[in-house]
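Reproduced below: work-v6.tsv, with TSV, C-alpha atoms.
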```
chain	number	residue	atom	x	y	z
A	1	MET	CA	-17.76	11.33	-35.48
A	2	SER	CA	-17.78	8.15	-33.40
A	3	TRP	CA	-18.87	8.42	-29.77
A	4	GLU	CA	-15.53	6.77	-28.89
A	5	ALA	CA	-13.70	9.95	-29.84
A	6	ASN	CA	-14.89	11.48	-26.55
A	7	VAL	CA	-14.16	8.51	-24.31
A	8	ARG	CA	-11.49	9.04	-21.66
A	9	LYS	CA	-9.09	6.20	-22.47
A	10	VAL	CA	-6.50	5.01	-19.96
A	11	THR	CA	-4.30	1.96	-19.49
A	12	PRO	CA	-5.71	0.44	-16.28
A	13	TYR	CA	-3.82	-0.82	-13.28
A	14	VAL	CA	-3.25	-4.57	-13.41
A	15	ALA	CA	-3.71	-6.27	-10.05
A	16	GLY	CA	-1.95	-9.46	-9.02
A	17	GLU	CA	-3.42	-12.74	-10.18
A	18	GLN	CA	-6.12	-14.26	-7.98
A	19	PRO	CA	-5.70	-18.02	-8.50
A	20	LYS	CA	-8.59	-20.36	-7.77
A	21	GLY	CA	-8.68	-23.89	-6.45
A	22	GLN	CA	-7.14	-25.87	-3.61
A	23	GLY	CA	-3.48	-26.30	-2.81
A	24	VAL	CA	-2.43	-22.85	-3.97
A	25	ILE	CA	0.32	-20.94	-2.19
A	26	LYS	CA	-0.44	-17.30	-2.84
A	27	LEU	CA	2.55	-15.03	-2.32
A	28	ASN	CA	1.80	-12.46	-5.01
A	29	THR	CA	-0.43	-9.69	-3.63
A	30	ASN	CA	1.03	-8.85	-0.20
A	31	GLU	CA	-2.05	-9.99	1.71
A	32	SER	CA	-1.71	-11.04	5.32
A	33	PRO	CA	-1.15	-14.78	5.76
A	34	TYR	CA	-3.21	-14.64	8.97
A	35	PRO	CA	-6.93	-14.07	9.58
A	36	PRO	CA	-8.28	-10.77	10.93
A	37	ALA	CA	-8.66	-10.13	14.64
A	38	PRO	CA	-11.13	-12.55	16.29
A	39	GLY	CA	-13.47	-9.69	17.13
A	40	VAL	CA	-14.01	-9.05	13.43
A	41	ALA	CA	-15.57	-12.48	12.90
A	42	ARG	CA	-17.69	-11.99	16.02
A	43	VAL	CA	-19.21	-8.67	14.98
A	44	LEU	CA	-19.88	-9.99	11.49
A	45	ARG	CA	-21.82	-12.91	12.96
A	46	GLU	CA	-23.74	-10.63	15.29
A	47	TYR	CA	-24.46	-7.82	12.84
A	48	ASP	CA	-28.15	-6.91	12.66
A	49	ALA	CA	-29.02	-7.28	8.98
A	50	ALA	CA	-32.08	-5.10	9.48
A	51	MET	CA	-29.72	-2.14	9.77
A	52	LEU	CA	-28.83	-2.52	6.10
A	53	ARG	CA	-32.04	-0.72	5.17
A	54	LYS	CA	-30.42	2.48	6.45
A	55	TYR	CA	-27.60	4.48	4.92
A	56	PRO	CA	-24.22	4.15	6.67
A	57	ASP	CA	-22.72	7.04	8.59
A	58	SER	CA	-21.39	9.49	6.00
A	59	GLU	CA	-18.80	10.68	8.54
A	60	THR	CA	-17.46	7.07	8.68
A	61	GLU	CA	-18.15	6.84	12.39
A	62	PRO	CA	-17.29	5.20	14.71
A	63	LEU	CA	-14.19	4.08	12.78
A	64	ARG	CA	-12.84	7.58	12.30
A	65	SER	CA	-12.94	8.31	16.02
A	66	GLU	CA	-11.47	4.89	16.85
A	67	LEU	CA	-8.49	5.55	14.59
A	68	ALA	CA	-8.02	9.02	16.06
A	69	ALA	CA	-7.95	7.64	19.60
A	70	TYR	CA	-5.59	4.80	18.70
A	71	TYR	CA	-3.05	7.01	16.94
A	72	GLY	CA	-3.35	9.97	19.30
A	73	VAL	CA	-4.68	12.52	16.83
A	74	GLU	CA	-7.92	14.48	16.57
A	75	ARG	CA	-10.89	13.07	14.69
A	76	GLU	CA	-10.73	15.99	12.25
A	77	GLN	CA	-7.24	14.85	11.25
A	78	VAL	CA	-8.48	11.46	9.98
A	79	PHE	CA	-9.97	10.55	6.60
A	80	VAL	CA	-11.40	7.10	5.82
A	81	GLY	CA	-11.99	5.55	2.40
A	82	VAL	CA	-12.70	2.28	0.64
A	83	GLY	CA	-9.16	0.96	0.69
A	84	SER	CA	-6.06	3.12	0.41
A	85	ASP	CA	-6.55	3.16	-3.37
A	86	ASP	CA	-9.78	5.11	-2.83
A	87	VAL	CA	-8.03	7.48	-0.43
A	88	LEU	CA	-5.11	8.03	-2.81
A	89	ALA	CA	-7.32	8.53	-5.85
A	90	MET	CA	-9.33	11.13	-3.94
A	91	ALA	CA	-6.08	12.81	-2.87
A	92	PHE	CA	-4.84	12.96	-6.48
A	93	LEU	CA	-8.15	14.49	-7.54
A	94	THR	CA	-8.20	16.99	-4.67
A	95	PHE	CA	-4.61	18.16	-4.35
A	96	PHE	CA	-2.77	17.63	-7.63
A	97	ASN	CA	-4.23	20.39	-9.78
A	98	HIS	CA	-1.36	22.61	-10.89
A	99	PRO	CA	-2.00	23.62	-14.52
A	100	SER	CA	1.52	22.87	-15.72
A	101	LEU	CA	3.97	21.66	-13.08
A	102	PRO	CA	4.21	17.86	-12.77
A	103	VAL	CA	3.54	15.66	-9.79
A	104	LEU	CA	6.71	13.80	-8.83
A	105	PHE	CA	7.02	10.14	-7.82
A	106	PRO	CA	9.65	7.37	-8.23
A	107	ASP	CA	10.13	5.48	-11.47
A	108	ILE	CA	9.96	2.16	-9.61
A	109	THR	CA	6.95	2.39	-7.32
A	110	TYR	CA	3.28	1.53	-6.90
A	111	SER	CA	2.01	1.30	-10.47
A	112	PHE	CA	-1.36	2.90	-9.73
A	113	TYR	CA	0.18	6.39	-9.47
A	114	ASP	CA	0.62	6.96	-13.19
A	115	VAL	CA	-2.82	5.44	-13.83
A	116	TRP	CA	-4.49	8.05	-11.61
A	117	ALA	CA	-2.40	10.80	-13.13
A	118	GLU	CA	-3.49	9.76	-16.62
A	119	LEU	CA	-7.12	9.32	-15.58
A	120	PHE	CA	-7.35	12.76	-13.98
A	121	ARG	CA	-5.11	14.36	-16.63
A	122	ILE	CA	-2.50	15.42	-14.12
A	123	PRO	CA	0.99	16.15	-15.48
A	124	TYR	CA	3.58	13.93	-13.83
A	125	GLN	CA	7.26	13.09	-13.98
A	126	VAL	CA	8.93	9.98	-12.61
A	127	GLN	CA	12.19	10.30	-10.70
A	128	ALA	CA	14.72	7.49	-11.10
A	129	LEU	CA	15.76	5.57	-8.02
A	130	ASP	CA	19.51	5.11	-7.65
A	131	GLU	CA	21.27	1.82	-8.46
A	132	GLN	CA	20.43	0.46	-5.00
A	133	PHE	CA	16.74	1.40	-5.46
A	134	HIS	CA	16.95	4.28	-2.98
A	135	ILE	CA	15.03	7.55	-3.28
A	136	LYS	CA	17.24	10.41	-4.45
A	137	GLU	CA	16.14	13.26	-2.23
A	138	GLU	CA	17.49	15.98	-4.51
A	139	ASP	CA	15.04	14.95	-7.25
A	140	TYR	CA	12.18	16.30	-5.13
A	141	ARG	CA	13.68	19.76	-4.63
A	142	LYS	CA	12.67	21.20	-8.00
A	143	PRO	CA	9.45	23.00	-9.01
A	144	ASN	CA	6.53	20.57	-8.97
A	145	GLY	CA	2.77	20.27	-8.59
A	146	GLY	CA	2.93	17.74	-5.75
A	147	VAL	CA	4.92	14.80	-4.43
A	148	ILE	CA	3.94	11.22	-3.60
A	149	ILE	CA	6.37	8.60	-2.30
A	150	PRO	CA	5.59	5.24	-0.69
A	151	ASN	CA	7.54	4.39	2.46
A	152	PRO	CA	8.54	1.58	2.47
A	153	ASN	CA	8.56	1.77	-1.30
A	154	ALA	CA	6.82	-0.86	-3.39
A	155	PRO	CA	7.86	-3.17	-4.94
A	156	THR	CA	11.38	-2.67	-3.55
A	157	GLY	CA	10.52	-2.69	0.17
A	158	GLU	CA	13.18	-0.05	0.86
A	159	LEU	CA	12.53	2.25	3.82
A	160	ALA	CA	13.61	5.90	3.80
A	161	PRO	CA	14.16	7.84	7.04
A	162	VAL	CA	11.58	10.31	8.35
A	163	SER	CA	14.30	12.97	8.28
A	164	MET	CA	14.40	12.73	4.48
A	165	PHE	CA	10.68	13.38	4.22
A	166	GLU	CA	10.96	16.31	6.57
A	167	ARG	CA	13.59	17.87	4.31
A	168	ILE	CA	11.37	17.24	1.26
A	169	LEU	CA	8.48	18.91	3.08
A	170	ARG	CA	10.61	21.93	3.91
A	171	ALA	CA	11.62	22.20	0.26
A	172	ASN	CA	7.99	21.99	-0.93
A	173	PRO	CA	5.83	24.25	1.26
A	174	ASP	CA	3.50	25.20	-1.60
A	175	VAL	CA	2.35	21.73	-2.68
A	176	VAL	CA	0.87	18.68	-0.98
A	177	VAL	CA	3.33	15.91	-0.11
A	178	ILE	CA	1.82	12.43	0.26
A	179	VAL	CA	3.63	9.63	2.08
A	180	ASP	CA	2.02	6.29	1.25
A	181	GLU	CA	2.62	4.09	4.30
A	182	ALA	CA	0.82	0.91	3.27
A	183	TYR	CA	3.65	-1.22	4.73
A	184	ILE	CA	4.88	0.94	7.61
A	185	ASP	CA	3.70	-1.47	10.32
A	186	PHE	CA	6.32	-4.05	9.33
A	187	GLY	CA	9.28	-2.28	10.84
A	188	GLY	CA	9.32	1.35	9.73
A	189	GLU	CA	9.14	4.72	11.45
A	190	SER	CA	6.06	6.68	10.43
A	191	CYS	CA	5.79	10.28	9.26
A	192	LEU	CA	2.59	10.61	11.30
A	193	LYS	CA	4.44	12.63	13.93
A	194	LEU	CA	5.01	15.39	11.36
A	195	ILE	CA	1.38	16.22	10.55
A	196	ASP	CA	1.11	18.94	13.19
A	197	GLN	CA	4.26	20.62	11.88
A	198	TYR	CA	3.48	20.49	8.17
A	199	GLU	CA	0.01	21.50	7.06
A	200	ASN	CA	0.65	20.12	3.56
A	201	LEU	CA	1.52	16.53	4.62
A	202	LEU	CA	-0.87	13.62	4.01
A	203	VAL	CA	0.02	10.20	5.44
A	204	VAL	CA	-1.95	7.31	3.91
A	205	ARG	CA	-2.38	3.78	5.29
A	206	THR	CA	-4.44	0.64	4.80
A	207	PHE	CA	-6.08	-2.23	6.68
A	208	SER	CA	-5.23	-4.61	3.82
A	209	LYS	CA	-1.76	-5.66	4.99
A	210	SER	CA	-1.01	-5.52	8.70
A	211	ARG	CA	-4.66	-5.68	9.83
A	212	ALA	CA	-5.52	-8.61	7.52
A	213	LEU	CA	-8.62	-7.01	5.96
A	214	ALA	CA	-7.78	-6.81	2.25
A	215	GLY	CA	-11.16	-8.34	1.42
A	216	ILE	CA	-13.21	-5.68	3.20
A	217	ARG	CA	-11.45	-2.54	1.83
A	218	ILE	CA	-10.50	0.09	4.40
A	219	GLY	CA	-7.95	2.83	3.84
A	220	TYR	CA	-7.29	5.93	5.91
A	221	ALA	CA	-5.19	9.05	6.00
A	222	PHE	CA	-3.83	11.55	8.50
A	223	GLY	CA	-3.22	15.21	7.91
A	224	SER	CA	-3.88	18.73	9.15
A	225	LYS	CA	-7.50	19.60	9.79
A	226	LYS	CA	-7.53	21.87	6.77
A	227	LEU	CA	-6.09	19.17	4.49
A	228	ILE	CA	-8.59	16.57	5.70
A	229	ARG	CA	-11.47	19.02	5.31
A	230	TYR	CA	-10.57	19.51	1.64
A	231	LEU	CA	-10.53	15.72	1.18
A	232	GLN	CA	-13.91	15.41	2.89
A	233	ASP	CA	-15.38	18.12	0.66
A	234	ALA	CA	-14.19	16.28	-2.45
A	235	LYS	CA	-15.56	13.00	-1.12
A	236	TYR	CA	-19.00	14.50	-0.45
A	237	SER	CA	-19.01	15.98	-3.94
A	238	PHE	CA	-18.42	12.51	-5.32
A	239	ASN	CA	-20.24	10.07	-3.03
A	240	SER	CA	-21.32	10.76	0.55
A	241	TYR	CA	-21.76	7.09	1.46
A	242	THR	CA	-18.49	5.54	0.38
A	243	MET	CA	-18.14	2.97	3.17
A	244	ASN	CA	-20.83	0.49	4.20
A	245	SER	CA	-21.90	0.02	7.81
A	246	ILE	CA	-20.68	-3.61	8.05
A	247	THR	CA	-17.17	-2.54	7.04
A	248	LEU	CA	-17.18	0.31	9.56
A	249	THR	CA	-18.16	-2.11	12.33
A	250	ALA	CA	-15.47	-4.64	11.39
A	251	GLY	CA	-12.84	-1.93	11.12
A	252	VAL	CA	-13.47	-0.72	14.65
A	253	GLU	CA	-12.91	-4.23	16.03
A	254	ALA	CA	-9.68	-4.60	14.06
A	255	VAL	CA	-8.32	-1.40	15.61
A	256	ARG	CA	-9.41	-2.30	19.15
A	257	ASP	CA	-7.53	-5.62	19.24
A	258	ASP	CA	-4.05	-4.14	19.48
A	259	SER	CA	-2.45	-7.26	20.96
A	260	TYR	CA	-3.54	-9.38	17.99
A	261	PHE	CA	-2.38	-6.70	15.55
A	262	ARG	CA	1.08	-6.71	17.12
A	263	GLU	CA	1.16	-10.51	17.28
A	264	ILE	CA	0.59	-11.03	13.55
A	265	THR	CA	2.86	-8.20	12.43
A	266	ASP	CA	5.64	-9.60	14.64
A	267	LYS	CA	5.10	-13.02	13.04
A	268	VAL	CA	5.38	-11.58	9.54
A	269	ILE	CA	8.56	-9.68	10.47
A	270	ALA	CA	10.15	-12.79	11.98
A	271	THR	CA	9.27	-14.89	8.91
A	272	ARG	CA	10.57	-12.14	6.60
A	273	GLU	CA	13.94	-12.04	8.32
A	274	ARG	CA	14.24	-15.85	8.26
A	275	SER	CA	13.25	-15.80	4.59
A	276	LYS	CA	16.07	-13.38	3.79
A	277	LYS	CA	18.58	-15.91	5.16
A	278	GLU	CA	17.00	-18.78	3.22
A	279	LEU	CA	16.96	-16.82	-0.05
A	280	ALA	CA	20.54	-15.62	0.39
A	281	ALA	CA	21.66	-19.23	0.87
A	282	LEU	CA	19.94	-20.09	-2.42
A	283	GLY	CA	21.84	-17.43	-4.37
A	284	PHE	CA	19.30	-14.62	-4.30
A	285	SER	CA	20.11	-10.97	-3.72
A	286	PHE	CA	17.51	-8.51	-2.49
A	287	THR	CA	16.84	-5.13	-0.96
A	288	ASP	CA	16.66	-4.80	2.81
A	289	SER	CA	12.88	-5.01	2.89
A	290	LYS	CA	10.96	-3.44	5.77
A	291	SER	CA	7.62	-4.53	4.32
A	292	ASN	CA	5.70	-7.81	4.14
A	293	PHE	CA	7.46	-8.92	0.96
A	294	ILE	CA	10.97	-9.43	-0.43
A	295	PHE	CA	12.13	-8.10	-3.80
A	296	ALA	CA	14.69	-10.63	-4.99
A	297	ALA	CA	16.84	-11.54	-8.01
A	298	HIS	CA	18.86	-14.73	-8.54
A	299	GLU	CA	22.48	-14.71	-9.60
A	300	LYS	CA	21.98	-17.45	-12.25
A	301	TYR	CA	18.28	-17.88	-13.02
A	302	ARG	CA	16.13	-15.33	-14.79
A	303	ALA	CA	13.12	-14.09	-12.84
A	304	LYS	CA	10.63	-15.00	-15.57
A	305	GLU	CA	11.92	-18.58	-15.64
A	306	LEU	CA	11.54	-18.91	-11.87
A	307	PHE	CA	8.13	-17.22	-11.96
A	308	ASP	CA	6.84	-19.69	-14.55
A	309	ALA	CA	8.29	-22.69	-12.76
A	310	LEU	CA	6.77	-21.64	-9.45
A	311	ARG	CA	3.41	-20.94	-11.04
A	312	ALA	CA	3.38	-24.37	-12.69
A	313	HIS	CA	3.66	-25.81	-9.18
A	314	HIS	CA	0.85	-23.59	-7.85
A	315	ILE	CA	3.17	-21.17	-6.03
A	316	TYR	CA	2.31	-17.62	-7.06
A	317	VAL	CA	4.72	-14.69	-6.74
A	318	ARG	CA	4.77	-11.37	-8.65
A	319	HIS	CA	6.85	-10.48	-11.69
A	320	TRP	CA	6.86	-7.35	-13.86
A	321	ASP	CA	8.30	-7.22	-17.37
A	322	LYS	CA	9.49	-3.65	-16.90
A	323	PRO	CA	12.84	-1.87	-17.31
A	324	ARG	CA	15.23	-2.17	-14.35
A	325	ILE	CA	13.07	-4.72	-12.49
A	326	GLU	CA	12.43	-7.42	-15.09
A	327	ASN	CA	14.84	-9.80	-13.32
A	328	TYR	CA	13.23	-9.43	-9.89
A	329	LEU	CA	10.48	-11.35	-8.17
A	330	ARG	CA	8.35	-9.84	-5.43
A	331	ILE	CA	7.65	-12.56	-2.89
A	332	SER	CA	4.97	-11.85	-0.30
A	333	ILE	CA	5.60	-13.23	3.17
A	334	GLY	CA	3.31	-16.15	3.93
A	335	THR	CA	3.09	-18.44	6.92
A	336	ASP	CA	6.22	-20.34	7.91
A	337	ALA	CA	4.73	-23.47	6.34
A	338	GLU	CA	4.03	-21.68	3.05
A	339	MET	CA	7.53	-20.21	2.93
A	340	ASN	CA	9.03	-23.64	3.68
A	341	THR	CA	7.19	-25.04	0.65
A	342	LEU	CA	8.59	-22.21	-1.47
A	343	PHE	CA	12.13	-22.81	-0.26
A	344	ALA	CA	11.87	-26.57	-0.76
A	345	PHE	CA	10.79	-26.08	-4.37
A	346	LEU	CA	13.55	-23.54	-5.05
A	347	LYS	CA	16.20	-25.81	-3.53
A	348	GLU	CA	15.13	-28.65	-5.80
A	349	TYR	CA	14.82	-26.44	-8.89
A	350	ILE	CA	18.12	-24.64	-8.39
A	351	GLY	CA	19.89	-27.75	-7.13
A	352	ALA	CA	21.12	-26.15	-3.96
```
The structure given in the file should be rewritten as C-alpha cells.
Amino acid sequence: MSWEANVRKVTPYVAGEQPKGQGVIKLNTNESPYPPAPGVARVLREYDAAMLRKYPDSETEPLRSELAAYYGVEREQVFVGVGSDDVLAMAFLTFFNHPSLPVLFPDITYSFYDVWAELFRIPYQVQALDEQFHIKEEDYRKPNGGVIIPNPNAPTGELAPVSMFERILRANPDVVVIVDEAYIDFGGESCLKLIDQYENLLVVRTFSKSRALAGIRIGYAFGSKKLIRYLQDAKYSFNSYTMNSITLTAGVEAVRDDSYFREITDKVIATRERSKKELAALGFSFTDSKSNFIFAAHEKYRAKELFDALRAHHIYVRHWDKPRIENYLRISIGTDAEMNTLFAFLKEYIGA
C-alpha cells in the first residue's frame, strides 16, 4: 500500500492574487488602503531585538488586556490568535465535534469554512441565501452541530441585524454559534453585547481590515469565560506560543490609537458610499455593502470579461467562477485616487 493512502487530502483555500511590481491597483483582498496607526511604526523601530531570544507571552499579553479594556469586557473573555483564520480554525477544532449533526453556514460565504470542515472531518451543510443574498433565519432553526455566519457576510457585504442572531442563539442553546465579524467596523452593529447573555456565543474579529495590519496577522474573539477557556485549552494543546512578541507589541499600539482607527474607517466608509453612486451610474447593481468592499454585477458585461480587462490594465479585483456568483466582482475599497482610476477605466471600457 502506498503511503499516500493515509494522507489527509483536502482542497485548500485559494487566497486572492498578490500581484508584484509597480503601478498596480490592488482591490482584490479587502486590505486597508491606509497604513497602520503611526504608533505601530514607532514601536517596530524601537523594538529591542535582544528580546527575541525569549519566548513570547503565551497568554498573549499585553494585547489581550488591551483589547479587554478597549471593548469593555474582562480579559478572560478575550482570545487572541494569528489572524482570524487561526482563531476560526481553532474554534472549528474545539467546538464543532458532534458525531453526526452538521455544522451550518451559508452557501455563499467565506470559502475557508468548508475547507476547515473537510480538514477536521466535521459534517457540514450549506444553507442557501435568498435571491437578494440575505440569510434565511429559519434555516438555522433545525438540529445541527454548530452555526457559523459572517456579519457582514462575505463576499456579499450584506449586514444582518443583531436581533436575528439573538433569535438564532435562542433556537440553538446546545451548540456553539460563531459570528464572524471581520468587517463589522465599517458600519455594522456588533453581537459583542450578547456575550454575557449567551454562554455559547463566540464573536470573531481581525486586525487585517479596519486596523490595517493584514501583514502582521492578528485575530481575536470574544465569548463567555467558559467558552474562551476551552479555546485556550485547545490552543495550549496545539502550540503555546502562537503569537510572536513583535506582533503583540504592534497590536497594542494599533488598539491604543482610537482616533486614527476611526479616521481611516470613516474614510473607507465615505469612499464606499461614493463608489456605490459611481458604479450605479455605470450600470452596475450591487448589494448594500456594509463592509470594505462592493459585490457588483453589470447589466451588460460579464464579470469574467471585466475581470480580465481590469487585470490586463493592472487593476486587480476578485472573481469566483462559482454558481450564483459567477457574474459578480468583489471590489475592495481603495483610496479615492485608486477608485478614481478604476472608474475612469470602466467608463472608457463600457463607453459610459
Residues of segment 102-166 of chain A within 8 Å of segment 74-93 of chain A: nearest atom pair and distance (Å, one decimal) for each, counting all atoms listed in the file, sorted by chain and number, as CSV?
```
residue,atom,partner,partner_atom,distance
A:Trp116,CA,A:Ala89,CA,6.4
A:Ala117,CA,A:Phe92,CA,7.4
A:Phe120,CA,A:Leu93,CA,6.7
```
Excluding Val252 of chain A and residues on its chain fewer than 5 positions from it, collect all residues at most 9 Å away from it, counting only C-alpha atoms, and give them as a tab-separated table (two decimals) with C-alpha atoms, in the coordinates of the input.
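Result saved to around.tsv:
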```tsv
chain	number	residue	atom	x	y	z
A	40	VAL	CA	-14.01	-9.05	13.43
A	62	PRO	CA	-17.29	5.20	14.71
A	63	LEU	CA	-14.19	4.08	12.78
A	64	ARG	CA	-12.84	7.58	12.30
A	66	GLU	CA	-11.47	4.89	16.85
A	67	LEU	CA	-8.49	5.55	14.59
A	247	THR	CA	-17.17	-2.54	7.04
A	257	ASP	CA	-7.53	-5.62	19.24
```
Residues of segment 235-352 of chain A within 9 Å of segment 197-221 of chain A: nearest atom pair and distance (Å, one decimal) for each, counting all atoms listed in the file, sorted by chain and number, as a tab-separated table?
```
residue	atom	partner	partner_atom	distance
A:Met243	CA	A:Ile218	CA	8.3
A:Thr247	CA	A:Ile216	CA	6.3
A:Leu248	CA	A:Ile218	CA	8.4
A:Ala250	CA	A:Ile216	CA	8.6
A:Gly251	CA	A:Ile218	CA	7.4
A:Ala254	CA	A:Arg211	CA	6.7
A:Val255	CA	A:Arg211	CA	8.1
A:Phe261	CA	A:Arg211	CA	6.2
A:Arg262	CA	A:Ser210	CA	8.8
A:Ile264	CA	A:Ser210	CA	7.5
A:Thr265	CA	A:Ser210	CA	6.0
A:Val268	CA	A:Ser210	CA	8.8
A:Asn292	CA	A:Lys209	CA	7.8
```
Residue contacts of Gly145 of chain A (12 Å, only C-alpha atoms) excluding same-chain residues fewer than 3 positions away, as number ranges by chain: A: 92, 95-105, 117, 122-125, 140-142, 148, 172-178
Expected residue set, 10 Å radius at (5.2, -2.7, -16.3), only C-alpha atoms, as an MDAnalysis selection string: chainID A and resid 13:14 108 111 319:323 325:326
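Atom pair atom CA of Tyr110 of chain A / atom CA of Asn153 of chain A has a distance of 7.7 Å (rounded to one decimal).
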Nearest residue to Pro38 of chain A from the set A:Glu253, A:Ala303, A:Ile149, A:Tyr328 (distances using only C-alpha atoms): A:Glu253
Neighbours of point (1.0, 11.4, 13.3) within 9 Å, using only C-alpha atoms, written as a PyMOL selection string: chain A and resi 71-73+190-196+203+222-223
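You can rank A:Glu17, A:Glu181, A:Glu4, A:Glu59 by their closest distance to Asn239 of chain A using all atoms listed in the file, and at the top of that list sits A:Glu59.
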Counting all atoms listed in the file, the residue of A:Arg167, A:Arg274, A:Arg229, A:Lys235 that sits nearest Glu138 of chain A: A:Arg167
For Ser332 of chain A: contacts at 12 Å, only C-alpha atoms, fewer than 4 positions along chain excluded, given as a PyMOL selection string: chain A and resi 16+25-33+154-157+183+209+268-269+271-272+275-276+289-296+315-319+336+338-339+342
Since we have the selection now, will you write its residues out, keeping C-alpha atoms, as a tab-separated table (two decimals), keeping the file's coordinate frame?
```
chain	number	residue	atom	x	y	z
A	16	GLY	CA	-1.95	-9.46	-9.02
A	25	ILE	CA	0.32	-20.94	-2.19
A	26	LYS	CA	-0.44	-17.30	-2.84
A	27	LEU	CA	2.55	-15.03	-2.32
A	28	ASN	CA	1.80	-12.46	-5.01
A	29	THR	CA	-0.43	-9.69	-3.63
A	30	ASN	CA	1.03	-8.85	-0.20
A	31	GLU	CA	-2.05	-9.99	1.71
A	32	SER	CA	-1.71	-11.04	5.32
A	33	PRO	CA	-1.15	-14.78	5.76
A	154	ALA	CA	6.82	-0.86	-3.39
A	155	PRO	CA	7.86	-3.17	-4.94
A	156	THR	CA	11.38	-2.67	-3.55
A	157	GLY	CA	10.52	-2.69	0.17
A	183	TYR	CA	3.65	-1.22	4.73
A	209	LYS	CA	-1.76	-5.66	4.99
A	268	VAL	CA	5.38	-11.58	9.54
A	269	ILE	CA	8.56	-9.68	10.47
A	271	THR	CA	9.27	-14.89	8.91
A	272	ARG	CA	10.57	-12.14	6.60
A	275	SER	CA	13.25	-15.80	4.59
A	276	LYS	CA	16.07	-13.38	3.79
A	289	SER	CA	12.88	-5.01	2.89
A	290	LYS	CA	10.96	-3.44	5.77
A	291	SER	CA	7.62	-4.53	4.32
A	292	ASN	CA	5.70	-7.81	4.14
A	293	PHE	CA	7.46	-8.92	0.96
A	294	ILE	CA	10.97	-9.43	-0.43
A	295	PHE	CA	12.13	-8.10	-3.80
A	296	ALA	CA	14.69	-10.63	-4.99
A	315	ILE	CA	3.17	-21.17	-6.03
A	316	TYR	CA	2.31	-17.62	-7.06
A	317	VAL	CA	4.72	-14.69	-6.74
A	318	ARG	CA	4.77	-11.37	-8.65
A	319	HIS	CA	6.85	-10.48	-11.69
A	336	ASP	CA	6.22	-20.34	7.91
A	338	GLU	CA	4.03	-21.68	3.05
A	339	MET	CA	7.53	-20.21	2.93
A	342	LEU	CA	8.59	-22.21	-1.47
```
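The coordinates place atom CA of Glu189 of chain A at 22.5 Å from atom CA of Ile331 of chain A.
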